[in-house]
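Accompanying notes for the structure given below.
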Amino acid sequence: MSDAGRRMHALVERLYPLCRSITGNGVRRTLEIVAESVPLEVHEVPTGTQVLDWTVPKEWNIRDAYVRDPSGRKVIDFAESSLHVVGYSVPVSATMSLDELRPHLHTLPGQPDLIPYRTSYYAETWGFCLRQETLDALEPGPYEVVIDSTLADGHLTYGEHVVPGESADEVLVSCHICHPSLANDNLAGVAVAVELARRLAERTPRHTYRFVFAPGTIGAITWLARNRDRVGRIGAGIVLACAGDRGSLTYKRSRRGNAAVDRAVEHVLRASGRAHTVVDFSPYGYDERQYCSPGFDLGVGSLTRTPYGAYPEYHTSGDNPGFVSPEAMTDTLETLWEAVDVLERDRRYLNLSPYGEPQLGRRGLYGSLGGRSDTKRDQMAMLWVLNLSDGDHSLLDVSERSGLTFGEVARAARALEEAGLLKGLEK
Amino acid sequence: MSDAGRRMHALVERLYPLCRSITGNGVRRTLEIVAESVPLEVHEVPTGTQVLDWTVPKEWNIRDAYVRDPSGRKVIDFAESSLHVVGYSVPVSATMSLDELRPHLHTLPGQPDLIPYRTSYYAETWGFCLRQETLDALEPGPYEVVIDSTLADGHLTYGEHVVPGESADEVLVSCHICHPSLANDNLAGVAVAVELARRLAERTPRHTYRFVFAPGTIGAITWLARNRDRVGRIGAGIVLACAGDRGSLTYKRSRRGNAAVDRAVEHVLRASGRAHTVVDFSPYGYDERQYCSPGFDLGVGSLTRTPYGAYPEYHTSGDNPGFVSPEAMTDTLETLWEAVDVLERDRRYLNLSPYGEPQLGRRGLYGSLGGRSDTKRDQMAMLWVLNLSDGDHSLLDVSERSGLTFGEVARAARALEEAGLLKGLEK
Amino acid sequence: MSDAGRRMHALVERLYPLCRSITGNGVRRTLEIVAESVPLEVHEVPTGTQVLDWTVPKEWNIRDAYVRDPSGRKVIDFAESSLHVVGYSVPVSATMSLDELRPHLHTLPGQPDLIPYRTSYYAETWGFCLRQETLDALEPGPYEVVIDSTLADGHLTYGEHVVPGESADEVLVSCHICHPSLANDNLAGVAVAVELARRLAERTPRHTYRFVFAPGTIGAITWLARNRDRVGRIGAGIVLACAGDRGSLTYKRSRRGNAAVDRAVEHVLRASGRAHTVVDFSPYGYDERQYCSPGFDLGVGSLTRTPYGAYPEYHTSGDNPGFVSPEAMTDTLETLWEAVDVLERDRRYLNLSPYGEPQLGRRGLYGSLGGRSDTKRDQMAMLWVLNLSDGDHSLLDVSERSGLTFGEVARAARALEEAGLLKGLEK
């Protein structure tokens with residue numbers, strides 16, 4: 001197991017018990033822990049703030065919640081799992097029969113040993129989630145029902161981490177941090193993003209990398225509302241989620257379909273030989289929904305392993321730290337790293353000697369004994385780069401057209417640039 | 001059998017015996033009968049009128065025609081079938097041997113029990129069509145040969161029916177009415193068009209619908225010549241023919257290949273699950289040849305069942321009322337009706353809240369309990385419509401990209417428009 | 001065997017023994033022999049002349065070369081095969097042991113009975129090529145080693161033949177003439193080009209045809225450098241090589257991928273039913289590398305039979321006159337001739353009667369008896385040409401869209417032009 005894999009899994013385990021929601025102290029505590037690894041700028045946006053078409057909601061916090069049976073035993077206990085309470089439940093303290101309680105109970109009859117995950121952000125109600133098995137064993141009551149929560153004016157909290165690059169062009173990496181005790185659908189993405197940020201910090205990248213850790217939907221909307229003047233800088237972006245299960249990788253294209261990030265990630269997945277799936281954009285899933293809304297239409301795709309809703313443990317207590325593996329998170333990280341490498345090195349070049357082939361031999365770039373047919377791949381890479389560097393083709397275009405790897409092509413471009421035969425274009 | 005199917009078949013049977021040609025009383029009588037169902041404006045265009053590259057020909061009328069053998073028996077008799085006389089035959093009254101007659105006789109040796117259909121509009125000649133069986137039994141003669149026809153200055157006749165819509169944009173439905181006793185290749189199209197017009201009259205459609213009942217080629221050319229200032233209004237059109245045989249539907253694209261009618265009909269055929277064929281435009285067939293000539297290049301396709309020339313009964317006495325079925329004509333009508341529905345409802349919309357997703361929940365457009373994965377199709381339809389309503393995509397685009405039905409998408413658009421989130425664009 | 005086939009093979013046999021290189025008397029003598037069949041303008045470009053990024057090298061000539069063993073026997077003898085000496089070997093006259101000689105010896109261990117072909121144009125060295133079998137039998141020596149060559153200021157020589165056409169637009173046919181005793185990879189292309197030029201001279205073509213016989217790479221670069229003001233006239237071009245082996249034809253597209261030559265050759269190959277391969281451009285192979293460098297980007301493809309490097313005899317003494325056949329060269333020639341025919345006759349026309357179909361019947365262009373379904377192909381060709389002659393489509397477009405042969409379509413266009421219905425466009 002790699003060091004990175006170990007660190008990522010440890011982070012998932014540490015963040016797992018916290019009760020996150022779209023606001024509140026669970027999010028704050030999550031960001032504090034992330035900030036131990038990478039510095040974060042934490043933003044607090046007051047309840048009632050208008051953000052695009054939405055309004056920042058009241059802040060929800062919860063201290064305890066349980067259902068106690070006539071014998072005094074807690075048959076449902078928030079302390080056991082943060083999933084037991086419907087997110088944004090209003091406070092309750094009452095005694096009621098099972099029949100009265102039942103409309104507030106959510107189970108998964110088809111998965112009787114799992115606790116479901118439910119929220120009710122925008123309708124003031126309350127509820128408990130529990131195993132069907134537990135429900136089946138409940139007596140008529142009466143039950144003591146307590147939710148010690150507050151729903152009041154406060155703030156929405158999100159964090160940002162920036163790795164400055166040579167250019168102000170930004171690459172956005174966005175993760176949601178609004179799910180309570182769910183490991184794959186939340187924490188694995190956070191862990192991979194943190195590790196990616198650490199690696200990027202070891203060098204000065206060409207692009208600036210901006211990591212956004214924010215609650216889903218309302219968090220991304222808040223970030224977009226507060227950064228409307230900045231979104232023009234985002235040349236590429238990726239929403240990271242479900243980054244740690246043992247399934248193969250799935251890339252979901254941006255709404256544009258051929259944005260820089262689409263081409264980079266798809267190239268890396270194809271070149272890697274990894275089993276993987278690429279799907280077109282659809283307006284459902286994670287925060288690519290917001291980044292790819294038609295007014296913004298950013299070149300932001302989404303990388304997951306098994307996608308949203310497509311594994312039985314999705315949004316249940318089955319999505320726990322055991323469901324995500326260090327190896328899978330490492331695989332996600334490495335794929336992302338290769339895609340970042342393409343984004344970093346891909347550019348269009350101009351052949352400065354475009355009439356006929358330049359004489360590579362006198363520049364020491366070519367074998368001198370002619371007539372042989374086993375032309376080497378790096379010589380082919382130089383010929384391809386020279387031939388296609390007309391201002392219309394990037395190195396990734398050259399790689400895809402030639403069948404040579406991006407690395408071979410980028411290496412050839414560097415050699416040709418050093419020999420004065422090539423000039424990198426800014427855009 | 002549906003009422004519509006019954007009505008359509010009855011109309012075919014009633015029109016069948018008439019001897020239609022490109023001019024003459026057979027056409028006039030056909031239009032009179034059609035006018036019993038839908039009001040028609042009938043146009044009479046004088047012989048000699050210049051129409052585009054053509055000239056309106058002399059008017060041809062026929063009262064009787066026969067060949068009588070030495071015993072006085074009519075071995076060929078126009079009264080038995082209008083197909084027996086070559087269309088546009090000049091008058092003849094003569095006695096001649098079989099050898100002299102033979103060059104004027106047309107048969108189908110491979111289909112000895114069928115009478116072929118032949119015409120000679122632009123070369124002044126005469127002839128008879130008969131069963132090969134009949135020909136084989138003929139004695140040497142002499143025969144009395146009579147064609148009681150007139151070929152003289154007169155008129156070309158065609159009819160128009162208009163269903164006015166909210167907009168002056170027109171949808172053209174065109175049928176040929178120049179074939180004598182042929183049921184599928186003529187009358188089934190007329191019957192389906194009449195029934196479509198009845199249905200459209202029950203509401204005020206968005207587009208104006210113009211039905212043209214005209215002789216093939218010269219009739220369409222005449223209509224085009226007299227409506228050159230109107231063709232710019234034709235946003236979509238369809239040539240209806242061979243609408244009643246028991247084969248599956250065939251759609252032939254307009255010359256443009258992706259005109260509104262092409263997209264609508266192909267969508268409906270695909271979505272219906274019906275067996276069907278779609279073929280590219282070719283400059284042969286029915287009057288799409290004229291509507292799609294390069295000077296006009298209208299978005300006019302052609303809907304048939306078994307296409308032109310592809311069934312053995314084509315242009316023979318085998319194409320009789322028994323060859324077309326009420327069920328097949330109903331199927332053609334329903335397909336057309338669904339395509340009309342797409343043409344009526346398809347349009348581009350503009351998302352008025354394009355930055356991020358609008359908050360559907362507070363507008364009552366979204367389920368309030370989050371976290372569940374079984375997002376309903378109508379909610380997906382709303383998200384797709386919002387995401388793609390950037391002015392570039394129509395509802396049909398949304399349907400095809402999302403995999404949702406056109407109806408689901410159109411319903412979502414209406415809900416969003418009512419909620420003030422969407423604005424329909426004029427064009 | 002055709003006369004052309006016999007002539008082409010005789011030319012290959014006659015040119016075979018000459019020791020060609022990128023400069024020198026072997027090239028001059030080759031051009032003299034070619035000039036016996038078609039008049040050539042021979043150009044001599046002095047050593048040191050700057051040509052694009054390159055410099056014309058010293059001229060190399062060789063009179064004799066051998067390695068003599070202690071018994072006085074010539075174990076390697078240039079008189080036996082021009083391949084025995086590494087091209088551009090500097091003079092040597094020395095006695096040395098086998099161990100000293102060995103670094104200068106080139107063999108093909110995997111093809112022990114074949115002499116390889118090697119050159120060293122831009123590094124001053126010397127060497128011998130020989131059969132592995134021969135090497136294996138050599139005793140320790142000492143050996144007398146003689147290369148009687150000169151490498152000195154002189155000239156680079158190339159030849160041009162022009163068949164003038166009605167237009168100054170040029171079609172370029174280019175062959176390399178720098179390989180010594182190699183039949184397929186050199187001489188077959190020359191022979192086919194000579195025969196094509198003879199045929200073209202029998203008529204005045206529409207385009208001007210320019211044949212360039214020049215050494216590979218440096219010769220094409222020299223020609224391009226001296227004709228930069230002319231390259232704008234080249235509307236199509238083809239590099240001919242490997243034109244005589246018994247494999248099927250391979251067409252390599254120009255860098256543009258859909259240039260006139262690409263469309264013409266691919267159409268001919270497809271329509272012919274011949275087994276063939278079409279490959280995309282790549283910046284390796286023959287002089288299409290230079291013509292398709294990004295600064296020029298000419299519409300020049302390459303026609304070979306088995307392509308460069310893909311047959312075991314490639315660049316060995318196995319590529320001798322027995323390796324090429326009169327039939328294969330004839331097949332290459334005929335394919336080229338058909339492609340030339342497309343280039344000659346293809347053009348865009350304008351339908352002068354574009355509104356509706358023109359009445360073909362009154363112009364004698366159409367059968368007069370209607371109603372028959374067996375419309376003839378030439379009538380379909382007329383309808384297709386009329387329908388697509390809107391200024392956007394060429395005859396080749398019409399052929400490909402209609403499925404009719406180019407000949408049928410071109411014939412229809414001529415008939416329509418003669419009837420005043422069509423007008424040829426210049427470009």
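Convention: chains lettered A, B, ... in structure tokens order; per-chain residue numbering from 1; ligands numbered from 1 as shown.
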Using only C-alpha atoms, what table do you get, as CSV, when you list each residue of range 308-330 of chain B with an atom no more than 9 Å from range 174-187 of chain B, its nearest pair of atoms, and their distance in Å rounded to one decimal, rows by chain then rising number?
```
residue,atom,partner,partner_atom,distance
B:Tyr308,CA,B:Asp185,CA,7.9
B:Tyr314,CA,B:Asp185,CA,7.4
B:His315,CA,B:Leu182,CA,7.1
B:Thr316,CA,B:Leu182,CA,7.5
B:Ser317,CA,B:Leu182,CA,7.0
B:Gly318,CA,B:Leu182,CA,8.3
B:Asp319,CA,B:Leu182,CA,5.3
B:Asn320,CA,B:Ala183,CA,4.9
B:Pro321,CA,B:Ala183,CA,5.4
B:Gly322,CA,B:Ala183,CA,8.5
B:Phe323,CA,B:Asn184,CA,7.1
B:Val324,CA,B:Asn184,CA,6.0
```
(request) Identify, with DSSP run on backbone atoms, the residues in range 192-423 of chain C assigned to helix (DSSP H, G or I), and express the list as a ChimeraX atom specification. (result) /C:192-201,218-226,231-233,260-272,288-291,321-323,326-345,361-363,377-388,395-402,406-418
Close residues, range 60-72 of chain B itself excluded, 9 Å, only C-alpha atoms, min 2 positions apart in chain, as a PDB file with N, CA and C atoms, in the first residue's frame:
```pdb
ATOM      1  N   CYS B  19     -61.333   7.880 -64.198  1.00  0.00           N
ATOM      2  CA  CYS B  19     -60.135   7.906 -65.043  1.00  0.00           C
ATOM      3  C   CYS B  19     -59.448   9.247 -64.907  1.00  0.00           C
ATOM      4  N   SER B  21     -56.120  11.762 -65.028  1.00  0.00           N
ATOM      5  CA  SER B  21     -54.856  11.938 -65.731  1.00  0.00           C
ATOM      6  C   SER B  21     -54.296  13.276 -65.265  1.00  0.00           C
ATOM      7  N   ILE B  22     -53.346  13.828 -65.988  1.00  0.00           N
ATOM      8  CA  ILE B  22     -52.776  15.091 -65.482  1.00  0.00           C
ATOM      9  C   ILE B  22     -53.709  16.275 -65.738  1.00  0.00           C
ATOM     10  N   THR B  23     -54.699  16.064 -66.562  1.00  0.00           N
ATOM     11  CA  THR B  23     -55.734  17.081 -66.754  1.00  0.00           C
ATOM     12  C   THR B  23     -57.061  16.347 -66.955  1.00  0.00           C
ATOM     13  N   GLY B  24     -58.130  17.118 -67.005  1.00  0.00           N
ATOM     14  CA  GLY B  24     -59.398  16.553 -67.439  1.00  0.00           C
ATOM     15  C   GLY B  24     -60.422  16.347 -66.340  1.00  0.00           C
ATOM     16  N   ASN B  25     -61.552  15.797 -66.779  1.00  0.00           N
ATOM     17  CA  ASN B  25     -62.699  15.702 -65.892  1.00  0.00           C
ATOM     18  C   ASN B  25     -62.527  14.682 -64.766  1.00  0.00           C
ATOM     19  N   GLY B  26     -61.628  13.705 -64.965  1.00  0.00           N
ATOM     20  CA  GLY B  26     -61.361  12.741 -63.886  1.00  0.00           C
ATOM     21  C   GLY B  26     -60.778  13.460 -62.673  1.00  0.00           C
ATOM     22  N   PRO B  57     -50.144  21.518 -70.597  1.00  0.00           N
ATOM     23  CA  PRO B  57     -50.476  20.822 -71.844  1.00  0.00           C
ATOM     24  C   PRO B  57     -51.962  20.945 -72.186  1.00  0.00           C
ATOM     25  N   LYS B  58     -52.287  20.416 -73.326  1.00  0.00           N
ATOM     26  CA  LYS B  58     -53.695  20.306 -73.685  1.00  0.00           C
ATOM     27  C   LYS B  58     -54.432  19.463 -72.646  1.00  0.00           C
ATOM     28  N   LYS B  74     -66.233  -7.006 -77.273  1.00  0.00           N
ATOM     29  CA  LYS B  74     -65.191  -6.078 -76.844  1.00  0.00           C
ATOM     30  C   LYS B  74     -64.095  -6.868 -76.107  1.00  0.00           C
ATOM     31  N   VAL B  75     -62.966  -7.075 -76.718  1.00  0.00           N
ATOM     32  CA  VAL B  75     -61.874  -7.827 -76.069  1.00  0.00           C
ATOM     33  C   VAL B  75     -61.058  -6.921 -75.144  1.00  0.00           C
ATOM     34  N   ILE B  76     -61.089  -5.624 -75.406  1.00  0.00           N
ATOM     35  CA  ILE B  76     -60.517  -4.635 -74.472  1.00  0.00           C
ATOM     36  C   ILE B  76     -61.591  -3.571 -74.300  1.00  0.00           C
ATOM     37  N   ASP B  77     -61.874  -3.232 -73.012  1.00  0.00           N
ATOM     38  CA  ASP B  77     -63.001  -2.326 -72.792  1.00  0.00           C
ATOM     39  C   ASP B  77     -62.673  -1.347 -71.663  1.00  0.00           C
ATOM     40  N   PHE B  78     -62.573  -0.080 -72.017  1.00  0.00           N
ATOM     41  CA  PHE B  78     -62.302   0.992 -71.062  1.00  0.00           C
ATOM     42  C   PHE B  78     -63.317   1.007 -69.922  1.00  0.00           C
ATOM     43  N   ALA B  79     -64.529   0.594 -70.219  1.00  0.00           N
ATOM     44  CA  ALA B  79     -65.568   0.596 -69.183  1.00  0.00           C
ATOM     45  C   ALA B  79     -65.239  -0.383 -68.064  1.00  0.00           C
ATOM     46  N   HIS B  84     -57.138   0.516 -69.129  1.00  0.00           N
ATOM     47  CA  HIS B  84     -57.021  -0.097 -70.455  1.00  0.00           C
ATOM     48  C   HIS B  84     -56.514   0.859 -71.532  1.00  0.00           C
ATOM     49  N   VAL B  85     -56.675   2.140 -71.313  1.00  0.00           N
ATOM     50  CA  VAL B  85     -56.232   3.092 -72.337  1.00  0.00           C
ATOM     51  C   VAL B  85     -54.968   3.796 -71.879  1.00  0.00           C
ATOM     52  N   GLY B  87     -52.806   6.694 -71.131  1.00  0.00           N
ATOM     53  CA  GLY B  87     -53.189   8.063 -70.809  1.00  0.00           C
ATOM     54  C   GLY B  87     -52.764   9.024 -71.898  1.00  0.00           C
ATOM     55  N   TYR B  88     -53.651   9.998 -72.206  1.00  0.00           N
ATOM     56  CA  TYR B  88     -53.395  10.982 -73.244  1.00  0.00           C
ATOM     57  C   TYR B  88     -53.431  10.419 -74.661  1.00  0.00           C
ATOM     58  N   SER B  89     -54.075   9.232 -74.835  1.00  0.00           N
ATOM     59  CA  SER B  89     -54.230   8.686 -76.196  1.00  0.00           C
ATOM     60  C   SER B  89     -55.067   9.638 -77.043  1.00  0.00           C
ATOM     61  N   VAL B  90     -54.605   9.885 -78.268  1.00  0.00           N
ATOM     62  CA  VAL B  90     -55.398  10.685 -79.208  1.00  0.00           C
ATOM     63  C   VAL B  90     -56.550   9.823 -79.723  1.00  0.00           C
ATOM     64  N   PRO B  91     -57.612  10.462 -80.265  1.00  0.00           N
ATOM     65  CA  PRO B  91     -58.762   9.676 -80.726  1.00  0.00           C
ATOM     66  C   PRO B  91     -58.390   8.781 -81.889  1.00  0.00           C
ATOM     67  N   VAL B  92     -59.051   7.650 -81.938  1.00  0.00           N
ATOM     68  CA  VAL B  92     -58.830   6.731 -83.051  1.00  0.00           C
ATOM     69  C   VAL B  92     -60.159   6.011 -83.319  1.00  0.00           C
ATOM     70  N   PHE B 128     -53.387   0.853 -76.012  1.00  0.00           N
ATOM     71  CA  PHE B 128     -54.197   0.111 -75.046  1.00  0.00           C
ATOM     72  C   PHE B 128     -53.278  -0.690 -74.128  1.00  0.00           C
ATOM     73  N   LEU B 138     -55.878 -13.531 -78.535  1.00  0.00           N
ATOM     74  CA  LEU B 138     -56.432 -12.769 -79.666  1.00  0.00           C
ATOM     75  C   LEU B 138     -56.160 -13.462 -80.994  1.00  0.00           C
ATOM     76  N   GLU B 139     -57.184 -13.454 -81.826  1.00  0.00           N
ATOM     77  CA  GLU B 139     -57.091 -13.990 -83.193  1.00  0.00           C
ATOM     78  C   GLU B 139     -56.531 -12.899 -84.114  1.00  0.00           C
ATOM     79  N   GLY B 141     -57.702 -11.110 -86.417  1.00  0.00           N
ATOM     80  CA  GLY B 141     -58.504  -9.911 -86.668  1.00  0.00           C
ATOM     81  C   GLY B 141     -59.452 -10.098 -87.837  1.00  0.00           C
ATOM     82  N   PRO B 142     -59.863  -9.042 -88.446  1.00  0.00           N
ATOM     83  CA  PRO B 142     -59.598  -7.637 -88.113  1.00  0.00           C
ATOM     84  C   PRO B 142     -60.388  -7.190 -86.884  1.00  0.00           C
ATOM     85  N   TYR B 143     -59.904  -6.066 -86.286  1.00  0.00           N
ATOM     86  CA  TYR B 143     -60.487  -5.510 -85.075  1.00  0.00           C
ATOM     87  C   TYR B 143     -61.013  -4.106 -85.329  1.00  0.00           C
ATOM     88  N   GLU B 144     -62.085  -3.795 -84.637  1.00  0.00           N
ATOM     89  CA  GLU B 144     -62.571  -2.419 -84.629  1.00  0.00           C
ATOM     90  C   GLU B 144     -61.928  -1.728 -83.421  1.00  0.00           C
ATOM     91  N   VAL B 145     -61.252  -0.649 -83.678  1.00  0.00           N
ATOM     92  CA  VAL B 145     -60.480   0.033 -82.634  1.00  0.00           C
ATOM     93  C   VAL B 145     -61.041   1.437 -82.452  1.00  0.00           C
ATOM     94  N   VAL B 146     -61.504   1.714 -81.238  1.00  0.00           N
ATOM     95  CA  VAL B 146     -62.119   3.025 -80.991  1.00  0.00           C
ATOM     96  C   VAL B 146     -61.548   3.632 -79.707  1.00  0.00           C
ATOM     97  N   ILE B 147     -61.072   4.846 -79.826  1.00  0.00           N
ATOM     98  CA  ILE B 147     -60.791   5.650 -78.620  1.00  0.00           C
ATOM     99  C   ILE B 147     -61.542   6.952 -78.820  1.00  0.00           C
ATOM    100  N   ASP B 148     -62.535   7.160 -77.975  1.00  0.00           N
ATOM    101  CA  ASP B 148     -63.364   8.358 -78.076  1.00  0.00           C
ATOM    102  C   ASP B 148     -62.842   9.387 -77.071  1.00  0.00           C
ATOM    103  N   SER B 149     -61.738  10.017 -77.447  1.00  0.00           N
ATOM    104  CA  SER B 149     -61.096  10.984 -76.545  1.00  0.00           C
ATOM    105  C   SER B 149     -60.981  12.324 -77.227  1.00  0.00           C
ATOM    106  N   THR B 150     -60.707  13.335 -76.428  1.00  0.00           N
ATOM    107  CA  THR B 150     -60.376  14.641 -76.992  1.00  0.00           C
ATOM    108  C   THR B 150     -59.102  15.127 -76.338  1.00  0.00           C
ATOM    109  N   LEU B 151     -58.284  15.733 -77.121  1.00  0.00           N
ATOM    110  CA  LEU B 151     -57.044  16.333 -76.651  1.00  0.00           C
ATOM    111  C   LEU B 151     -57.059  17.734 -77.218  1.00  0.00           C
ATOM    112  N   ALA B 152     -57.364  18.706 -76.377  1.00  0.00           N
ATOM    113  CA  ALA B 152     -57.642  20.053 -76.890  1.00  0.00           C
ATOM    114  C   ALA B 152     -57.302  21.080 -75.835  1.00  0.00           C
ATOM    115  N   ASP B 153     -57.239  22.319 -76.222  1.00  0.00           N
ATOM    116  CA  ASP B 153     -56.994  23.377 -75.251  1.00  0.00           C
ATOM    117  C   ASP B 153     -58.043  23.298 -74.149  1.00  0.00           C
ATOM    118  N   GLY B 154     -57.596  23.506 -72.946  1.00  0.00           N
ATOM    119  CA  GLY B 154     -58.500  23.406 -71.803  1.00  0.00           C
ATOM    120  C   GLY B 154     -57.753  23.915 -70.583  1.00  0.00           C
TER     121      GLY B 154
END
```
(request) Would you mind writing down, as a PyMOL selection string, each residue of range 103-198 of chain A that DSSP on the backbone assigns to strand (DSSP E)? (result) chain A and resi 105-106+128-129+143-152+155-163+170-176
Using C-alpha atoms, can you export the residues from the last selection as an mmCIF file, in the first residue's frame?
```
data_model
loop_
_atom_site.group_PDB
_atom_site.id
_atom_site.type_symbol
_atom_site.label_atom_id
_atom_site.label_comp_id
_atom_site.auth_asym_id
_atom_site.auth_seq_id
_atom_site.Cartn_x
_atom_site.Cartn_y
_atom_site.Cartn_z
ATOM 1 C CA LEU A 105 -39.295 6.606 10.148
ATOM 2 C CA HIS A 106 -37.358 5.763 6.962
ATOM 3 C CA PHE A 128 -35.251 9.089 11.789
ATOM 4 C CA CYS A 129 -33.567 6.578 9.505
ATOM 5 C CA TYR A 143 -41.589 5.926 22.793
ATOM 6 C CA GLU A 144 -39.624 8.902 23.963
ATOM 7 C CA VAL A 145 -38.552 10.800 20.887
ATOM 8 C CA VAL A 146 -35.796 13.396 21.119
ATOM 9 C CA ILE A 147 -33.991 15.423 18.497
ATOM 10 C CA ASP A 148 -31.776 17.992 20.122
ATOM 11 C CA SER A 149 -31.117 20.168 17.096
ATOM 12 C CA THR A 150 -31.210 23.831 16.214
ATOM 13 C CA LEU A 151 -32.260 25.354 12.945
ATOM 14 C CA ALA A 152 -31.508 29.027 13.112
ATOM 15 C CA HIS A 155 -23.844 30.552 8.083
ATOM 16 C CA LEU A 156 -23.012 28.316 5.177
ATOM 17 C CA THR A 157 -19.371 27.264 5.374
ATOM 18 C CA TYR A 158 -16.978 26.273 2.616
ATOM 19 C CA GLY A 159 -13.233 26.102 2.164
ATOM 20 C CA GLU A 160 -10.805 26.876 -0.619
ATOM 21 C CA HIS A 161 -7.183 25.911 -1.204
ATOM 22 C CA VAL A 162 -5.143 27.419 -3.990
ATOM 23 C CA VAL A 163 -1.881 26.160 -5.509
ATOM 24 C CA GLU A 170 -7.315 28.098 -13.175
ATOM 25 C CA VAL A 171 -8.034 24.421 -12.889
ATOM 26 C CA LEU A 172 -10.911 23.813 -10.484
ATOM 27 C CA VAL A 173 -11.161 20.697 -8.310
ATOM 28 C CA SER A 174 -14.459 20.541 -6.452
ATOM 29 C CA CYS A 175 -15.707 18.105 -3.783
ATOM 30 C CA HIS A 176 -18.912 18.058 -1.807
#
```
(request) Would you kindly report the residues of chain A within 12 Å of chain C, using only C-alpha atoms, as number ranges by chain? (result) A: 350-364, 366-377, 379-393, 398, 401-404, 421
(request) Give the answer as one residue: which of A:Ala260, A:Ala201, A:Ile115, A:Leu196 has the shortest atom-to-atom distance to Ile234 in chain A, using only C-alpha atoms? (result)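 Smallest separation from Ile234 in chain A among the options: A:Ala260.
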(request) Considering only C-alpha atoms, state which residue in the set B:Leu303, B:Leu269, B:Ala264, B:Val194 is at the smallest distance from Glu36 in chain B. (result)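 That would be B:Val194, the residue with the smallest distance to Glu36 in chain B.
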(message) Report as number ranges by chain all protein, DNA and RNA residues lying within 8 Å of Asp378 in chain A, evaluated on only C-alpha atoms, omitting residues in the same chain fewer than 5 positions from it.
(response) A: 408-409, 412
Output the selection as a PDB file, in the first residue's frame - all heavy atoms for each residue.
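Output contents, as saved in selection_34.pdb:
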```pdb
ATOM      1  N   GLU A 408       5.747  10.827 -25.136  1.00  0.00           N
ATOM      2  CA  GLU A 408       6.694  10.824 -26.256  1.00  0.00           C
ATOM      3  C   GLU A 408       6.593  12.124 -27.050  1.00  0.00           C
ATOM      4  O   GLU A 408       7.601  12.720 -27.451  1.00  0.00           O
ATOM      5  CB  GLU A 408       6.400   9.635 -27.180  1.00  0.00           C
ATOM      6  CG  GLU A 408       6.817   8.289 -26.604  1.00  0.00           C
ATOM      7  CD  GLU A 408       6.256   7.088 -27.380  1.00  0.00           C
ATOM      8  OE1 GLU A 408       5.181   7.226 -28.025  1.00  0.00           O
ATOM      9  OE2 GLU A 408       6.873   6.017 -27.327  1.00  0.00           O
ATOM     10  N   VAL A 409       5.371  12.544 -27.266  1.00  0.00           N
ATOM     11  CA  VAL A 409       5.147  13.742 -28.063  1.00  0.00           C
ATOM     12  C   VAL A 409       5.648  14.983 -27.320  1.00  0.00           C
ATOM     13  O   VAL A 409       6.307  15.853 -27.902  1.00  0.00           O
ATOM     14  CB  VAL A 409       3.643  13.848 -28.413  1.00  0.00           C
ATOM     15  CG1 VAL A 409       3.301  15.220 -28.962  1.00  0.00           C
ATOM     16  CG2 VAL A 409       3.266  12.757 -29.411  1.00  0.00           C
ATOM     17  N   ALA A 412       9.394  15.101 -27.431  1.00  0.00           N
ATOM     18  CA  ALA A 412       9.863  15.541 -28.748  1.00  0.00           C
ATOM     19  C   ALA A 412       9.710  17.050 -28.885  1.00  0.00           C
ATOM     20  O   ALA A 412      10.594  17.738 -29.400  1.00  0.00           O
ATOM     21  CB  ALA A 412       9.072  14.828 -29.847  1.00  0.00           C
TER      22      ALA A 412
END
```
(message) With only C-alpha atoms as the counted atoms, please give the residues lying no more than 10 Å from Pro112 in chain C, apart from itself and same-chain residues fewer than 5 positions off, as a ChimeraX atom specification.
(response) /C:107,130-136
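The space separating CA of Met1 in chain C from CA of Asp331 in chain C comes to 11.4 Å.
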